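Undergrad: Handing you a structure now.
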Amino acid sequence: MRIRMILPLSLVFSLALIGCAPQATSQSDLDTPEYHYRLGVRNLDSGDYQTASGAFRRSVNLDRKFALGWSGLGIAQAFLGNFEEGERSVDKGVSLDGKDPLTHVYRARFWIVNRGARGWFDKAEKSLEKSLKLDPGNEAAEFYLGEANFFAMDFDQAARQFGKVVALNGDYSDRADKRWAVAQKVVRARPGTDAGRKIALKSEISRADLAVLFAEELQLTKIMERTAAPSGPAVFQAPGAVAAASQTVVPADVAGSWAETWIMEVLKLGVFEVDPSGNFAPGVMVTRVDYAMAVLRILAIATKDDGLDTRYLGESPSRFSDVPSSHFAYSAMALCAERGIMKADLMTGRFNPAERVGGADALLIIREIQNSLRITF
């Protein structure tokens, strides 16, 4: 009995385009596999994965046995969500030149991008170990070993690994230094919940993420219970807090959201507000001024100090080189700076209110809030 294999049409078409098409002919001295590969790497680093994919594809069309072209193509495909094609491409790169340590680094990078897959860390680590066996101290392999540990949420090991790359003082030193700083922040923040550890991985966080952090990592409800007057129930007074506490209507853009429970918890506590149309905007990214305003509300409610909302308005001179003391959120920013919760840039004096907040910084701020309130759990 003969067994027929039926492949999806999209896969057949893809294989025909890449694996079976005739080799392209160079149209110029610059139309070389190496040139297109370098172009692909630049676009990969800048986040233009579509252009990177096209450049890598051209490199392998010009030379079907160009291993690094296949490896780079696999990474671009992974970033574009084409994991099956990406895995085939990085594997082909290794099969064409498994003695090049960089092909193993690319395969590890593929698994770091595809970290939702089962066993991704073991596969990435194994590829990086092969790379380092071929080339001990290979800077790229050492750097991505740090990345793998970071996304596996082993932040201590990630920090040590990035520090090791910084000490090598090579091409990866600058990017390793930035990643080292992030990993060290997470280590210092000591996230105590799965939510905290997962949000620590993010380069920027949404309002929904921050609601989860306040509810889970900061344990905001417990803070309010502890700071409530002992003679009666927890009644929190702060600008807008009473109205928020009686809020029972779920905002239209929150109903059914994965974060609905956490968002409603912080809304009822008065830490967040809805916009004039009644929406919460859970997907909007949090800026430093947004976070400062939330911190002000937390401290005002917890300390029952209504005056915090306007305490620093109009002071002269302004504490910040980029924010006048007449700014509507100036008191929030000044309060955070004065208590060491959020700091201005030491060199420029800028608060940078529009800058987005990353997960590691969000966690550190939570620790500073707890320190300010002298509360531990």
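How things are named: the first chain in the structure tokens is A, the next is B, and so on; residues count from 1 in each chain; ligands count from 1 in the order shown.
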I'd like the contact shell of region 136-138 of chain A - 10 Å cut-off, only C-alpha atoms, skipping same-chain residues fewer than 4 positions apart - returned as a list in words.

TA: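 Residues meeting the cut-off are Pro101, Leu102, Val105, Leu128, Glu129, Lys130, Ser131, Leu132, Glu142, Phe143, Lys164, Val165 and Leu168 of chain A.
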
Undergrad: If we count only C-alpha atoms and set the cut-off at 8 Å, which residues sit around region 366-371 of chain A, ignoring sequence neighbours fewer than 5 positions away in its own chain? Please answer as a count of residues only.

TA: 8

Undergrad: For a quick check of understanding, using only C-alpha atoms, which of A:Leu220, A:Ala332, A:Arg107, A:Thr303 has the smallest distance to Lys268 (chain A)?

TA: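 Going through A:Leu220, A:Ala332, A:Arg107, A:Thr303 one by one, the smallest distance to Lys268 (chain A) is for A:Leu220.
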
Undergrad: List the neighbours of Leu210 (chain A) out to 10 Å using only C-alpha atoms; skip same-chain residues closer than 6 positions along the sequence, and give me the result as a ChimeraX atom specification.

TA: /A:196,199,216-217,262-263,266,282,285-286,291,294,357,359,362-363

Undergrad: Compile the contact shell of Leu30 (chain A) as a list in words: residues with an atom at most 12 Å away, counting only C-alpha atoms, same-chain residues fewer than 6 positions apart removed.

TA: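 In the requested format, the answer is His36, Tyr37, Arg38, Leu39, Ser59 and Leu62 of chain A.
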
Undergrad: Go ahead and save the residues from that selection, with C-alpha atoms, as an mmCIF file, in the first residue's frame.

TA:
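Here's the written file result22.cif:
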```
data_model
loop_
_atom_site.group_PDB
_atom_site.id
_atom_site.type_symbol
_atom_site.label_atom_id
_atom_site.label_comp_id
_atom_site.auth_asym_id
_atom_site.auth_seq_id
_atom_site.Cartn_x
_atom_site.Cartn_y
_atom_site.Cartn_z
ATOM 1 C CA HIS A 36 22.634 41.505 1.128
ATOM 2 C CA TYR A 37 23.454 39.559 4.282
ATOM 3 C CA ARG A 38 25.010 42.650 5.902
ATOM 4 C CA LEU A 39 21.983 44.680 4.797
ATOM 5 C CA SER A 59 21.456 36.508 -0.385
ATOM 6 C CA LEU A 62 22.309 34.402 -5.168
#
```

Undergrad: Could you please write out, as number ranges by chain, every residue of region 163-339 of chain A that DSSP assigns to helix (DSSP H, G or I)?

TA: A: 163-168, 173-189, 194-200, 207-217, 220-227, 241-245, 260-269, 288-303, 306-309, 330-338

Undergrad: Distance CA of Lys185 (chain A)-CA of Glu204 (chain A), one decimal place?

TA: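 If I compute the distance from CA of Lys185 (chain A) to CA of Glu204 (chain A), I get 14.3 Å.
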
Undergrad: Skipping near chain neighbours, those fewer than 3 positions away, what residues fall within 8 Å of Leu308 (chain A) using only C-alpha atoms, listed as a list of chain:residue names?

TA: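 In the requested form, the answer reads A:Leu296, A:Ala300, A:Asp305, A:Arg311, A:Tyr312, A:Ser331, A:Ala332, A:Leu335.
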
Undergrad: Could you save those same residues with C-alpha atoms as a PDB file, in the first residue's frame?

TA:
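File written: result.pdb
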```
ATOM      1  CA  LEU A 296       0.488  60.437  43.949  1.00  0.00           C
ATOM      2  CA  ALA A 300      -2.627  60.488  49.028  1.00  0.00           C
ATOM      3  CA  ASP A 305      -3.226  63.654  52.756  1.00  0.00           C
ATOM      4  CA  ARG A 311       1.574  70.819  47.421  1.00  0.00           C
ATOM      5  CA  TYR A 312       4.387  71.584  44.978  1.00  0.00           C
ATOM      6  CA  SER A 331       3.126  67.914  42.202  1.00  0.00           C
ATOM      7  CA  ALA A 332       3.108  64.237  41.301  1.00  0.00           C
ATOM      8  CA  LEU A 335       6.610  64.180  45.132  1.00  0.00           C
TER       9      LEU A 335
END
```

Undergrad: Which one of A:Ala140, A:Met342, A:Ala152, A:Ile298 sits closest to Asp122 (chain A) if you count only C-alpha atoms?

TA: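 Using only C-alpha atoms, the shortest distance to Asp122 (chain A) belongs to A:Ala152.
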
Undergrad: Just checking: using only C-alpha atoms, which residue out of A:Val323, A:Val94, A:Lys178, A:Arg109 ends up closest to Leu145 (chain A)?

TA: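 Closest candidate: A:Arg109.
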
Undergrad: For Gly93 (chain A), which residue among A:Ala108, A:Asp361, A:Ile75, A:Phe66 is the nearest when counting only C-alpha atoms?

TA: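 For Gly93 (chain A), the nearest of the given residues is A:Phe66.
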
Undergrad: Quick one: pull the distance between CA of Val41 (chain A) and CA of Gln184 (chain A), Å, one decimal.

TA: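 For CA of Val41 (chain A) relative to CA of Gln184 (chain A), the distance reads 28.1 Å.
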
Undergrad: Which is closest to Leu213 (chain A) among A:Val250, A:Gln161, A:Ile365, A:Arg57, if we use only C-alpha atoms?

TA: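 Closest residue, counting only C-alpha atoms: A:Ile365.
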
Undergrad: With only C-alpha atoms as the basis for distance, which of A:Arg297, A:His104, A:Arg350, A:Lys304 is at the shortest distance from Asp91 (chain A)?

TA: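 Using only C-alpha atoms, Asp91 (chain A) sits closest to A:His104.
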